[in-house]
Amino acid sequence: MDMITIPAVNMTPIMPEIFLSVLAMALLLINVFVPSGQKSYIGYISFIGVIAAAVLVGTGWGMHVESFNGAVVQDNFASFFKMIFLLAAGLAILISDQYMVREECNHGELYPLILFTVVGMMLMAAGTDLMTIFLGLEVMSVSLYVLAGFNRENRKSNEAGLKYFLLGAFSTGFLLYGMALTYGATGSTRIADIATFAAQQSLPSSNVMLLAGMLLMITGFAFKVAAAPFHMWTPDVYEGAPTPMTAFMSAGPKAAGFAAALRILLVSFSTMQADWSQLFWVLAVLTMTVGNITALRQDNIKRMLAYSSIAHAGYCLVGFTAGNPTGTAGIMFYMLSYTFMNIGAFAIIVLVGKKGEPNGNVMDFAGFGFKHPALAVAMSIFLFSLAGMPPTAGFIGKFYLFSGAIQKGYIWLAVIGVLNSAASVYYYLRVMVYMYMKEPTEEFDWLQVSAPIALSLLISVTGTLVLGVVPSIVLQYAQEAIKLI
Amino acid sequence: MLGTYLPILLVVLIAIIFGLVALTFSSLIGPKKKTALKLSPYESGCAPVGTARERFSIKFYLIAMLFILFDIEAVFLYPWAILYKKLGVFGLVEMGVFVVILFVGYIYVWKKGALEWE
Amino acid sequence: MIPNSLPILTILVFLPLACCLLLLPAWKRPRLAFSLALASMLLELALTVGLFASWKGLAAVQTALPGFLLLEDRSWIEAFGIRYTLGLDGISLLMVMLTAFSFCVAILVSWRAIKERAVLFLVLLLAMETGIMGVFLSLDLALFYLFWEVMLIPMFFLIGVWGHGRRIYSTIKFFLFTLFGSLLMLLAIIALHLFHAQQTGVVTFALHALLKTTLAPHTQLWLYAAFFLAFAIKFPLFPVHTWLPDAHTDAPTAGSVILAGLLLKTGSYGLIRFGYPLFPQAAHILTPLFYTLALIGIIYASLVAFAQEDMKRLIAYSSIGHMGFVAIGIAAWQPVALSGSIIQMANHGVTTGALFCLVGMLDERAHTREIAAFGGLWGKTPLWSFFFLFFSLASVGLPGLNNFVGEFLILAGTMKSSPLVAALAFGGIVLTLIYMVRLVQEVCFQEERQPLELTDLVPRELCLLALVALLNLWMGVHPAPLLDLIRTPVRLLIGGGP
């Protein structure tokens with residue numbers, strides 16, 4: 001009888017994933033075995049777990065290990081993105097506890113779900129096989145659907161969960177269909193094999209099935225990163241989901257979508273760059289413009305940040321369009337900056353809100369600046385960073401992305417980008433106008449800052465400013481990370 | 001290349017046409033004698049009681065979902081069982097991990113009280 | 001003498017910012033905070049005056065760049081080739097002195113006027129000083145851009161929080177206008193840097209390196225247009241000036257002093273330091289446009305100023321007119337006219353700053369700035385009226401006071417290259433005379449129109465104004481030291497000359 005030869009399996013590339021999965025499962029069990037009410041410590045354990053996973057990822061920096069027959073890889077590209085996911089998860093965990101207690105939906109499952117999401121995102125970034133990437137995407141998405149609807153007593157949260165689920169499933173269909181067509185055309189789901197196949201074609205874009213597969217995959221990813229015209233779900237989901245989860249969703253999964261799309265397009269379809277970069281040009285312009293113009297008219301601050309998040313995806317798509325090392329590293333740097341500044345801004349929103357968030361409008365920030373000066377300064381830093389003002393991370397990020405576009409000769413794209421950026425300043429300034437220039441209508445006396453949120457704010461502010469003033473410490477990693485692609 | 005899919009397309013087309021033809025002809029040719037008894041809905045030969053749009057208890061859905069989950073996971077055990085000898089120790093360990101993960105889910109569901117009817 | 005080992009330029013830029021931290025413990029004690037902030041600003045002023053006193057000694061020592069008295073160069077963001085390069089030449093020294101001086105004026109004039117949120121006000125003022133100092137000293141385009149944008153943020157809050165009237169509208173308008181222009185300049189900076197990298201393989205944003213980039217005429221024109229737009233908005237030149245009257249009118253007095261005294265100068269300074277040297281051919285091609293816009297600005301602003309009811313708004317429009325002269329001097333790009341422009345930048349900062357202070361002091365007492373509300377102030381508040389007359393005459397360009405020097409040099413220089421422009425600009429001076437004389441006449445000399453209880457200047461205000469007046473007089477009577485200071489840089493910029 002022949003034994004089936006099992007290829008030697010190297011577990012190193014997925015150590016962080018294994019670690020987090022086991023931890024999440026353990027926490028699920030711990031959660032059901034301890035009396036309800038005491039749930040905060042699960043958050044603390046998860047936070048420590050996230051740090052430990054970050055250490056694991058960090059120790060693998062610089063190594064290139066392929067495993068599982070070329071389905072997963074450990075390279076700097078994956079590690080950089082994994083760090084972003086872990087950062088987003090860590091910050092989201094820190095701001096969750098106070099919020100969930102306030103909203104009376106302090107179920108312990110929250111933290112394991114966040115960890116599972118991270119595992120999914122990590123697989124997306126590390127996957128070198130369409131199947132792995134899809135698997136990661138599903139693990140991420142399913143957990144996120146639950147997280148979006150986590151506040152079961154709240155109608156808006158329910159709506160968010162359902163909407164996200166339906167549209168997410170829809171977009172997954174596109175993605176999977178694209179993957180199937182690609183497999184049909186090339187005979188392999190491995191990214192490297194697809195690249196080899198495409199390279200052998202004299203004119204890959206004349207292969208209709210391959211082209212259709214690529215386009216459908218792009219559509220699927222465009223849904224996930226909320227690029228216009230596939231952004232319709234974003235505002236409702238971001239508005240309805242529990243605020244810490246909105247913060248997490250706007251940073252982590254978006255970065256994961258970019259990571260997978262970058263790897264697939266830059267490796268598999270590098271010979272077809274002329275085709276997809278045109279498409280991304282249009283997507284980028286639409287996304288930036290739709291996001292910014294619509295954000296101008298929003299009164300609900302979560303909704304405004306949702307549209308702003310669409311716009312920020314648009315800036316990243318500028319880097320995508322360029323598709324050169326500068327643009328690609330720009331996306332990575334930008335997503336890292338965005339994680340700091342956006343989750344920071346959401347942390348402030350968590351603090352300002354009352355139960356059920358009846359005061360979620362920009363106007364409800366009236367006079368905040370002088371009632372809570374330190375928090376308001378932090379919020380201003382985040383908003384200026386989102387607006388792309390120096391000396392903050394947002395400025396360096398935009399600088400990087402637009403440099404990439406200009407380098408490739410996409411001058412008009414860059415011009416449209418900065419004009420959008422100028423328009424976006426208006427709605428960020430509006431929040432500050434209310435914070436500092438309007439008379440307070442509230443005393444903000446319900447506001448309490450718990451230690452975890454204070455820590456998350458400290459991390460966010462430090463990150464936003466450090467990346468803005470001395471970006472070199474991260475830039476070199478971003479540049480190393482894209483070398484292998 | 002796409003040509004290889006042509007037979008499938010043909011089968012689908014034939015199926016659609018067959019169905020349409022059968023339905024059309026039976027409604028055209030068949031005799032229609034409507035009586036009150038014939039037009040009334042029935043359930044397994046019994047006269048209907050109450051409204052059909054009753055809400056089921058959510059417990060049914062929960063149980064059904066759990067059943068499907070564990071059922072589908074259990075399906076994976078079959079191919080492993082068939083190839084058990086060829087896969088050897090490695091297969092055993094892998095399947096052990098798989099079952100442990102399933103078991104975690106089971107305990108979770110159990111402790112959450114999802115298996116209790118009342 | 002200042003020892004050379006100290007990073008003086010860095011201290012100059014970041015001393016105010018460091019002082020912000022010092023203010024935090026004084027959060028609850030605004031008076032102490034005011035004293036601390038004033039002390040740091042005076043220290044800053046002393047530092048610049050010290051530099052001025054020793055500039056000839058510094059000039060004797062050759063630095064890496066010709067014409068520069070002091071240079072500091074450190075690596076910053078290596079991945080982009082951005083360096084932390086600060087340099088001081090005669091022009092920047094003049095601007096830096098003006099900056100330090102204007103901030104002292106701004107804080108002194110706010111001494112009693114700012115009662116609420118005083119510490120935040122001071123923090124913003126100090127942060128702003130850092131930004132403006134940075135703009136005048138940066139020699140790396142990316143660094144320059146960074147400071148250029150940073151200085152907007154404090155101004156946004158200064159106008160929005162402590163302003164009057166439609167302050168929110170004005171401050172957003174100010175912010176968006178200036179940001180719009182500068183973002184396009186950012187793209188141009190990036191493009192220029194990439195062209196340079198393509199040609200030489202050296203990734204850098206350093207001004208002196210980028211000066212050597214050869215550009216196709218077409219490209220040069222586009223890039224210059226982006227720079228020009230950014231600077232023109234700050235200047236402000238005619239069609240993009242509309243933010244200025246609003247911002248000035250609604251800003252607190254200190255904000256107006258800084259807007260008029262410094263922010264407008266960053267536009268002209270940028271054009272002198274970056275716009276013309278980087279894109280000489282393009283600048284030459286666009287000179288007629290520049291002249292036209294400047295002339296329209298002078299005449300239009302003067303006519304509009306004549307129709308103003310609000311004193312502050314009138315002076316704001318007069319600023320547009322005066323900056324039009326500066327623009328003409330730059331457009332001529334000729335040693336005498338350019339020297340005139342640079343001197344005029346300082347002069348306008350001093351004179352118009354003082355006028356804004358005077359109006360602010362009146363506003364504090366009467367709570368109105370309507371010209372129609374006043375009259376006969378010469379009898380009621382003689383000291384105030386004296387200074388008002390003095391600075392109005394300076395603004396008009398009375399010989400012996402500072403504006404005369406600048407305007408004379410500008411017109412003399414321009415006369416050589418384009419007599420028509422000079423003649424038309426001269427007409428602008430006459431218009432200035434008309435509206436300023438009307439203003440002084442209506443406010444100081446007419447019959448009293450409303451019974452207002454006004455007190456005259458208090459000693460603090462008197463000292464402040466007397467000092468500014470003396471400075472004004474000195475700059476008018478004996479401008480030679482300043483002209484000496486900028487002679488070498490101007491010669492190097494234009495190539496040849498006096």
# chains A, B, ... in the order shown; residues from 1 in each chain; ligands from 1
$ closest_atom_pairs --of "chain B" --to "chain A" --cutoff "9 Å" --atoms "only C-alpha atoms" --output "CSV"
residue,atom,partner,partner_atom,distance
B:Met1,CA,A:Ala185,CA,8.5
B:Leu2,CA,A:Met209,CA,8.7
B:Lys85,CA,A:Met3,CA,7.7
B:Lys86,CA,A:Met3,CA,4.5
B:Leu87,CA,A:Ile4,CA,5.9
B:Gly88,CA,A:Met3,CA,7.6
B:Phe90,CA,A:Ile6,CA,8.0
B:Ile101,CA,A:Met25,CA,8.1
B:Val104,CA,A:Met25,CA,7.0
B:Gly105,CA,A:Met25,CA,8.4
B:Ile107,CA,A:Leu29,CA,7.5
B:Tyr108,CA,A:Leu29,CA,6.1
B:Lys111,CA,A:Val32,CA,6.0
B:Lys112,CA,A:Val32,CA,6.5
$ write_last_selection --atoms "N, CA and C atoms" --output "PDB file, in the first residue's frame"
ATOM      1  N   MET B   1     -11.615  26.934 -25.779  1.00  0.00           N
ATOM      2  CA  MET B   1     -11.552  26.534 -24.379  1.00  0.00           C
ATOM      3  C   MET B   1     -12.940  26.545 -23.745  1.00  0.00           C
ATOM      4  N   LEU B   2     -13.655  27.652 -23.992  1.00  0.00           N
ATOM      5  CA  LEU B   2     -15.015  27.723 -23.481  1.00  0.00           C
ATOM      6  C   LEU B   2     -15.906  26.665 -24.144  1.00  0.00           C
ATOM      7  N   LYS B  85      -5.268   4.533   6.423  1.00  0.00           N
ATOM      8  CA  LYS B  85      -3.985   3.842   6.458  1.00  0.00           C
ATOM      9  C   LYS B  85      -2.938   4.556   5.642  1.00  0.00           C
ATOM     10  N   LYS B  86      -3.385   5.123   4.533  1.00  0.00           N
ATOM     11  CA  LYS B  86      -2.403   5.817   3.690  1.00  0.00           C
ATOM     12  C   LYS B  86      -1.911   7.109   4.346  1.00  0.00           C
ATOM     13  N   LEU B  87      -2.794   7.757   5.075  1.00  0.00           N
ATOM     14  CA  LEU B  87      -2.393   9.033   5.669  1.00  0.00           C
ATOM     15  C   LEU B  87      -1.532   8.838   6.910  1.00  0.00           C
ATOM     16  N   GLY B  88      -1.719   7.761   7.560  1.00  0.00           N
ATOM     17  CA  GLY B  88      -0.831   7.433   8.668  1.00  0.00           C
ATOM     18  C   GLY B  88      -0.994   8.340   9.874  1.00  0.00           C
ATOM     19  N   PHE B  90       0.318  11.181  10.558  1.00  0.00           N
ATOM     20  CA  PHE B  90       0.090  12.591  10.271  1.00  0.00           C
ATOM     21  C   PHE B  90      -1.411  12.875  10.166  1.00  0.00           C
ATOM     22  N   ILE B 101     -11.056  21.114  17.654  1.00  0.00           N
ATOM     23  CA  ILE B 101     -11.667  22.405  17.339  1.00  0.00           C
ATOM     24  C   ILE B 101     -13.191  22.273  17.337  1.00  0.00           C
ATOM     25  N   VAL B 104     -14.446  22.134  20.865  1.00  0.00           N
ATOM     26  CA  VAL B 104     -14.499  23.448  21.511  1.00  0.00           C
ATOM     27  C   VAL B 104     -15.824  24.112  21.170  1.00  0.00           C
ATOM     28  N   GLY B 105     -16.165  24.045  19.887  1.00  0.00           N
ATOM     29  CA  GLY B 105     -17.433  24.628  19.472  1.00  0.00           C
ATOM     30  C   GLY B 105     -18.600  23.968  20.174  1.00  0.00           C
ATOM     31  N   ILE B 107     -18.628  22.425  23.093  1.00  0.00           N
ATOM     32  CA  ILE B 107     -18.707  22.824  24.501  1.00  0.00           C
ATOM     33  C   ILE B 107     -19.290  24.226  24.622  1.00  0.00           C
ATOM     34  N   TYR B 108     -18.846  25.087  23.731  1.00  0.00           N
ATOM     35  CA  TYR B 108     -19.332  26.466  23.765  1.00  0.00           C
ATOM     36  C   TYR B 108     -20.853  26.483  23.621  1.00  0.00           C
ATOM     37  N   LYS B 111     -22.506  25.004  26.784  1.00  0.00           N
ATOM     38  CA  LYS B 111     -22.506  25.862  27.955  1.00  0.00           C
ATOM     39  C   LYS B 111     -23.371  27.108  27.747  1.00  0.00           C
ATOM     40  N   LYS B 112     -23.481  27.542  26.523  1.00  0.00           N
ATOM     41  CA  LYS B 112     -24.325  28.705  26.245  1.00  0.00           C
ATOM     42  C   LYS B 112     -25.804  28.369  26.426  1.00  0.00           C
TER      43      LYS B 112
END
$ closest_atom_pairs --of "chain C" --to "chain A" --cutoff "7 Å" --atoms "only C-alpha atoms" --output "Markdown table"
| residue | atom | partner | partner_atom | distance |
| --- | --- | --- | --- | --- |
| C:Ile77 | CA | A:Ser472 | CA | 5.3 |
| C:Glu78 | CA | A:Ser472 | CA | 6.6 |
| C:Ala79 | CA | A:Ser472 | CA | 6.6 |
| C:Leu146 | CA | A:Pro390 | CA | 5.7 |
| C:Glu149 | CA | A:Pro390 | CA | 6.6 |
| C:Val150 | CA | A:Pro390 | CA | 6.2 |
| C:Gly160 | CA | A:Met437 | CA | 6.0 |
| C:Val161 | CA | A:Met437 | CA | 5.1 |
| C:Leu176 | CA | A:Ala422 | CA | 6.9 |
| C:Leu179 | CA | A:Ala422 | CA | 6.6 |
| C:Phe180 | CA | A:Ala422 | CA | 5.7 |
| C:Leu183 | CA | A:Val418 | CA | 6.1 |
| C:Leu184 | CA | A:Val418 | CA | 7.0 |
| C:Ile190 | CA | A:Ser403 | CA | 6.2 |
| C:Ala191 | CA | A:Ile406 | CA | 6.5 |
| C:Leu194 | CA | A:Gln407 | CA | 6.7 |
$ residues_around --residues "C:Leu223" --least-positions-apart "6" --cutoff "12 Å" --atoms "only C-alpha atoms" --output "short mmCIF file (atom, residue, chain, number, x, y, z; two decimals) with C-alpha atoms, in the first residue's frame"
data_model
loop_
_atom_site.label_atom_id
_atom_site.label_comp_id
_atom_site.auth_asym_id
_atom_site.auth_seq_id
_atom_site.Cartn_x
_atom_site.Cartn_y
_atom_site.Cartn_z
CA ILE A 411 -0.32 64.17 -12.89
CA LEU C 184 -1.05 72.49 -5.79
CA MET C 185 2.34 73.87 -4.88
CA LEU C 186 3.02 70.64 -3.02
CA LEU C 187 2.43 68.71 -6.22
CA ALA C 188 4.74 71.05 -8.08
CA ILE C 189 7.40 70.56 -5.42
CA ILE C 190 7.10 66.79 -5.74
CA ALA C 191 7.22 66.99 -9.52
CA LEU C 192 10.26 69.23 -9.46
CA HIS C 193 12.00 66.87 -7.08
CA PHE C 195 12.53 65.74 -12.44
CA LEU C 215 13.22 71.94 -17.28
CA ALA C 216 11.40 72.04 -20.57
CA PRO C 217 9.75 75.46 -21.04
CA LEU C 229 -0.91 80.51 -7.36
CA ALA C 230 0.08 79.54 -3.84
CA PHE C 274 11.69 80.04 -4.55
CA GLY C 275 9.43 81.12 -7.39
CA TYR C 276 11.76 83.33 -9.41
CA LEU C 278 13.61 78.08 -9.58
CA PHE C 279 11.71 79.02 -12.71
CA PRO C 280 13.39 82.09 -14.22
CA GLN C 281 12.13 81.66 -17.78
CA ALA C 282 8.57 80.93 -16.76
CA ALA C 283 8.62 83.85 -14.37
#
$ atom_distance --atom1 "atom CA of C:Pro236" --atom2 "atom CA of C:Ile82"
29.0 Å
$ residues_around --residues "C:Ala113" --least-positions-apart "3" --cutoff "9 Å" --atoms "only C-alpha atoms" --output "list of chain:residue names"
C:Val109, C:Ser110, C:Pro252, C:Thr253, C:Gly360, C:Met361, C:Glu364
$ write_last_selection --atoms "N, CA and C atoms" --output "PDB file, in the first residue's frame"
ATOM      1  N   VAL C 109      -0.307  94.053  22.365  1.00  0.00           N
ATOM      2  CA  VAL C 109      -1.601  94.652  22.059  1.00  0.00           C
ATOM      3  C   VAL C 109      -2.732  93.753  22.583  1.00  0.00           C
ATOM      4  N   SER C 110      -2.425  92.490  22.841  1.00  0.00           N
ATOM      5  CA  SER C 110      -3.455  91.595  23.370  1.00  0.00           C
ATOM      6  C   SER C 110      -3.463  91.559  24.884  1.00  0.00           C
ATOM      7  N   PRO C 252      -8.939  88.899  15.709  1.00  0.00           N
ATOM      8  CA  PRO C 252      -8.568  89.760  16.825  1.00  0.00           C
ATOM      9  C   PRO C 252      -7.383  90.620  16.399  1.00  0.00           C
ATOM     10  N   THR C 253      -7.111  91.679  17.151  1.00  0.00           N
ATOM     11  CA  THR C 253      -6.079  92.611  16.714  1.00  0.00           C
ATOM     12  C   THR C 253      -4.745  91.919  16.490  1.00  0.00           C
ATOM     13  N   GLY C 360      -7.553  98.499  16.817  1.00  0.00           N
ATOM     14  CA  GLY C 360      -7.926  97.555  17.861  1.00  0.00           C
ATOM     15  C   GLY C 360      -8.113  98.260  19.191  1.00  0.00           C
ATOM     16  N   MET C 361      -7.223  99.196  19.502  1.00  0.00           N
ATOM     17  CA  MET C 361      -7.334  99.926  20.774  1.00  0.00           C
ATOM     18  C   MET C 361      -8.615 100.745  20.807  1.00  0.00           C
ATOM     19  N   GLU C 364     -11.534  98.435  21.359  1.00  0.00           N
ATOM     20  CA  GLU C 364     -11.682  98.010  22.747  1.00  0.00           C
ATOM     21  C   GLU C 364     -12.454  99.036  23.565  1.00  0.00           C
TER      22      GLU C 364
END
$ residues_around --residues "C:Ser92" --least-positions-apart "4" --cutoff "7 Å" --atoms "only C-alpha atoms" --output "PyMOL selection string"
chain C and resi 88+96+136-137
$ write_last_selection --atoms "C-alpha atoms" --output "mmCIF file, in the first residue's frame"
data_model
loop_
_atom_site.group_PDB
_atom_site.id
_atom_site.type_symbol
_atom_site.label_atom_id
_atom_site.label_comp_id
_atom_site.auth_asym_id
_atom_site.auth_seq_id
_atom_site.Cartn_x
_atom_site.Cartn_y
_atom_site.Cartn_z
ATOM 1 C CA LEU C 88 19.935 82.662 7.057
ATOM 2 C CA VAL C 96 13.075 87.107 10.930
ATOM 3 C CA PHE C 136 11.590 82.313 6.462
ATOM 4 C CA LEU C 137 14.531 80.050 7.230
#
$ residues_around --residues "A:Ala78" --least-positions-apart "3" --cutoff "10 Å" --atoms "only C-alpha atoms" --output "CSV table (one decimal) with N, CA and C atoms, in the first residue's frame"
chain,number,residue,atom,x,y,z
A,13,PRO,N,5.5,30.1,9.3
A,13,PRO,CA,4.8,31.3,8.7
A,13,PRO,C,3.5,31.6,9.4
A,57,VAL,N,5.3,38.1,15.2
A,57,VAL,CA,5.4,38.6,13.8
A,57,VAL,C,6.7,39.4,13.7
A,61,TRP,N,10.6,39.1,11.1
A,61,TRP,CA,10.9,40.2,10.1
A,61,TRP,C,12.2,39.8,9.3
A,72,VAL,N,1.0,29.6,1.7
A,72,VAL,CA,1.2,30.7,2.7
A,72,VAL,C,2.7,31.1,2.6
A,73,VAL,N,2.9,32.3,2.9
A,73,VAL,CA,4.3,32.8,2.9
A,73,VAL,C,4.5,33.7,4.1
A,74,GLN,N,5.7,33.7,4.5
A,74,GLN,CA,6.1,34.7,5.5
A,74,GLN,C,7.1,35.6,4.9
A,75,ASP,N,6.7,36.8,4.6
A,75,ASP,CA,7.6,37.8,4.0
A,75,ASP,C,7.4,39.1,4.7
A,81,PHE,N,1.8,44.2,7.0
A,81,PHE,CA,0.4,44.3,7.1
A,81,PHE,C,-0.1,43.6,8.4
A,82,LYS,N,0.5,42.5,8.8
A,82,LYS,CA,0.1,41.9,10.1
A,82,LYS,C,0.2,42.8,11.2
A,83,MET,N,1.3,43.6,11.2
A,83,MET,CA,1.4,44.6,12.3
A,83,MET,C,0.3,45.6,12.3
A,84,ILE,N,-0.1,46.0,11.1
A,84,ILE,CA,-1.2,47.0,11.0
A,84,ILE,C,-2.5,46.3,11.6
A,122,MET,N,-4.8,38.2,8.6
A,122,MET,CA,-3.4,37.8,8.5
A,122,MET,C,-3.3,36.8,7.4
A,123,LEU,N,-4.2,35.8,7.3
A,123,LEU,CA,-4.2,34.9,6.2
A,123,LEU,C,-4.3,35.6,4.8
A,124,MET,N,-5.1,36.6,4.8
A,124,MET,CA,-5.2,37.3,3.5
A,124,MET,C,-3.9,38.0,3.1
A,125,ALA,N,-3.2,38.5,4.1
A,125,ALA,CA,-2.0,39.2,3.8
A,125,ALA,C,-0.9,38.1,3.5
A,126,ALA,N,-0.9,37.0,4.1
A,126,ALA,CA,0.1,36.0,3.9
A,126,ALA,C,-0.2,35.0,2.8
A,127,GLY,N,-1.4,35.0,2.4
A,127,GLY,CA,-1.8,33.9,1.4
A,127,GLY,C,-1.1,34.2,0.1
A,256,ALA,N,-6.5,44.8,5.0
A,256,ALA,CA,-6.4,43.4,4.6
A,256,ALA,C,-6.8,43.3,3.1
A,259,ALA,N,-4.0,44.5,1.1
A,259,ALA,CA,-2.9,43.6,1.1
A,259,ALA,C,-3.1,42.5,0.1
A,260,ALA,N,-4.3,41.8,0.1
A,260,ALA,CA,-4.6,40.7,-0.8
A,260,ALA,C,-4.6,41.2,-2.2
A,263,ARG,N,-1.1,41.9,-3.5
A,263,ARG,CA,-0.3,40.7,-3.9
A,263,ARG,C,-0.8,40.1,-5.2
A,481,ALA,N,9.5,46.1,2.8
A,481,ALA,CA,8.4,45.2,2.7
A,481,ALA,C,8.0,45.0,1.2
A,482,ILE,N,8.2,46.0,0.4
A,482,ILE,CA,7.7,45.8,-1.0
A,482,ILE,C,8.7,45.3,-1.9
$ residues_around --residues "stretch 139-148 of chain A" --least-positions-apart "5" --cutoff "8 Å" --atoms "only C-alpha atoms" --output "NGL selection string"
:A and (110 or 113-114 or 116-121 or 157-158 or 160-162 or 164-165 or 168 or 237 or 240-242 or 245-246 or 249 or 253)
$ write_last_selection --atoms "C-alpha atoms" --output "CSV table (one decimal), in the first residue's frame"
chain,number,residue,atom,x,y,z
A,110,LEU,CA,-16.5,40.3,21.4
A,113,LEU,CA,-14.3,37.5,17.5
A,114,ILE,CA,-11.9,40.3,17.1
A,116,PHE,CA,-10.6,35.6,14.7
A,117,THR,CA,-11.0,38.6,12.4
A,118,VAL,CA,-7.3,39.3,12.9
A,119,VAL,CA,-6.5,35.7,12.0
A,120,GLY,CA,-8.5,36.0,8.8
A,121,MET,CA,-6.8,39.3,7.9
A,157,SER,CA,-26.6,47.8,14.9
A,158,ASN,CA,-28.9,45.0,13.7
A,160,ALA,CA,-25.7,47.2,10.1
A,161,GLY,CA,-25.0,43.5,10.8
A,162,LEU,CA,-27.6,42.4,8.3
A,164,TYR,CA,-23.1,44.1,6.0
A,165,PHE,CA,-23.8,40.4,5.8
A,168,GLY,CA,-20.6,41.2,2.0
A,237,VAL,CA,-22.8,49.8,8.5
A,240,GLY,CA,-24.9,51.4,13.0
A,241,ALA,CA,-22.1,49.2,14.2
A,242,PRO,CA,-20.8,49.6,17.7
A,245,MET,CA,-16.1,48.0,15.8
A,246,THR,CA,-16.6,50.8,13.3
A,249,MET,CA,-13.6,47.9,10.5
A,253,PRO,CA,-10.2,44.9,7.1
$ atom_distance --atom1 "atom CA of B:Ile14" --atom2 "atom CA of B:Gly30"
23.1 Å
$ decode --residues "stretch 29-40 of chain C" --atoms "N, CA and C atoms" --output "mmCIF file, in the first residue's frame"
data_model
loop_
_atom_site.group_PDB
_atom_site.id
_atom_site.type_symbol
_atom_site.label_atom_id
_atom_site.label_comp_id
_atom_site.auth_asym_id
_atom_site.auth_seq_id
_atom_site.Cartn_x
_atom_site.Cartn_y
_atom_site.Cartn_z
ATOM 1 N N ARG C 29 -3.118 80.301 35.295
ATOM 2 C CA ARG C 29 -2.678 81.657 35.679
ATOM 3 C C ARG C 29 -2.300 82.452 34.439
ATOM 4 N N PRO C 30 -3.285 83.036 33.795
ATOM 5 C CA PRO C 30 -3.060 83.714 32.520
ATOM 6 C C PRO C 30 -2.049 84.854 32.603
ATOM 7 N N ARG C 31 -2.024 85.562 33.722
ATOM 8 C CA ARG C 31 -1.098 86.709 33.793
ATOM 9 C C ARG C 31 0.351 86.220 33.722
ATOM 10 N N LEU C 32 0.608 85.180 34.489
ATOM 11 C CA LEU C 32 1.960 84.607 34.490
ATOM 12 C C LEU C 32 2.300 84.108 33.090
ATOM 13 N N ALA C 33 1.310 83.474 32.464
ATOM 14 C CA ALA C 33 1.546 82.946 31.127
ATOM 15 C C ALA C 33 1.884 84.061 30.150
ATOM 16 N N PHE C 34 1.166 85.174 30.273
ATOM 17 C CA PHE C 34 1.462 86.308 29.390
ATOM 18 C C PHE C 34 2.905 86.753 29.568
ATOM 19 N N SER C 35 3.324 86.852 30.827
ATOM 20 C CA SER C 35 4.695 87.307 31.076
ATOM 21 C C SER C 35 5.699 86.331 30.486
ATOM 22 N N LEU C 36 5.438 85.043 30.693
ATOM 23 C CA LEU C 36 6.363 84.036 30.172
ATOM 24 C C LEU C 36 6.459 84.123 28.653
ATOM 25 N N ALA C 37 5.293 84.212 28.016
ATOM 26 C CA ALA C 37 5.283 84.255 26.557
ATOM 27 C C ALA C 37 5.995 85.496 26.062
ATOM 28 N N LEU C 38 5.728 86.620 26.742
ATOM 29 C CA LEU C 38 6.388 87.857 26.322
ATOM 30 C C LEU C 38 7.890 87.717 26.487
ATOM 31 N N ALA C 39 8.288 87.102 27.587
ATOM 32 C CA ALA C 39 9.723 86.939 27.823
ATOM 33 C C ALA C 39 10.358 86.148 26.689
ATOM 34 N N SER C 40 9.703 85.078 26.281
ATOM 35 C CA SER C 40 10.315 84.261 25.228
ATOM 36 C C SER C 40 10.321 85.022 23.903
#
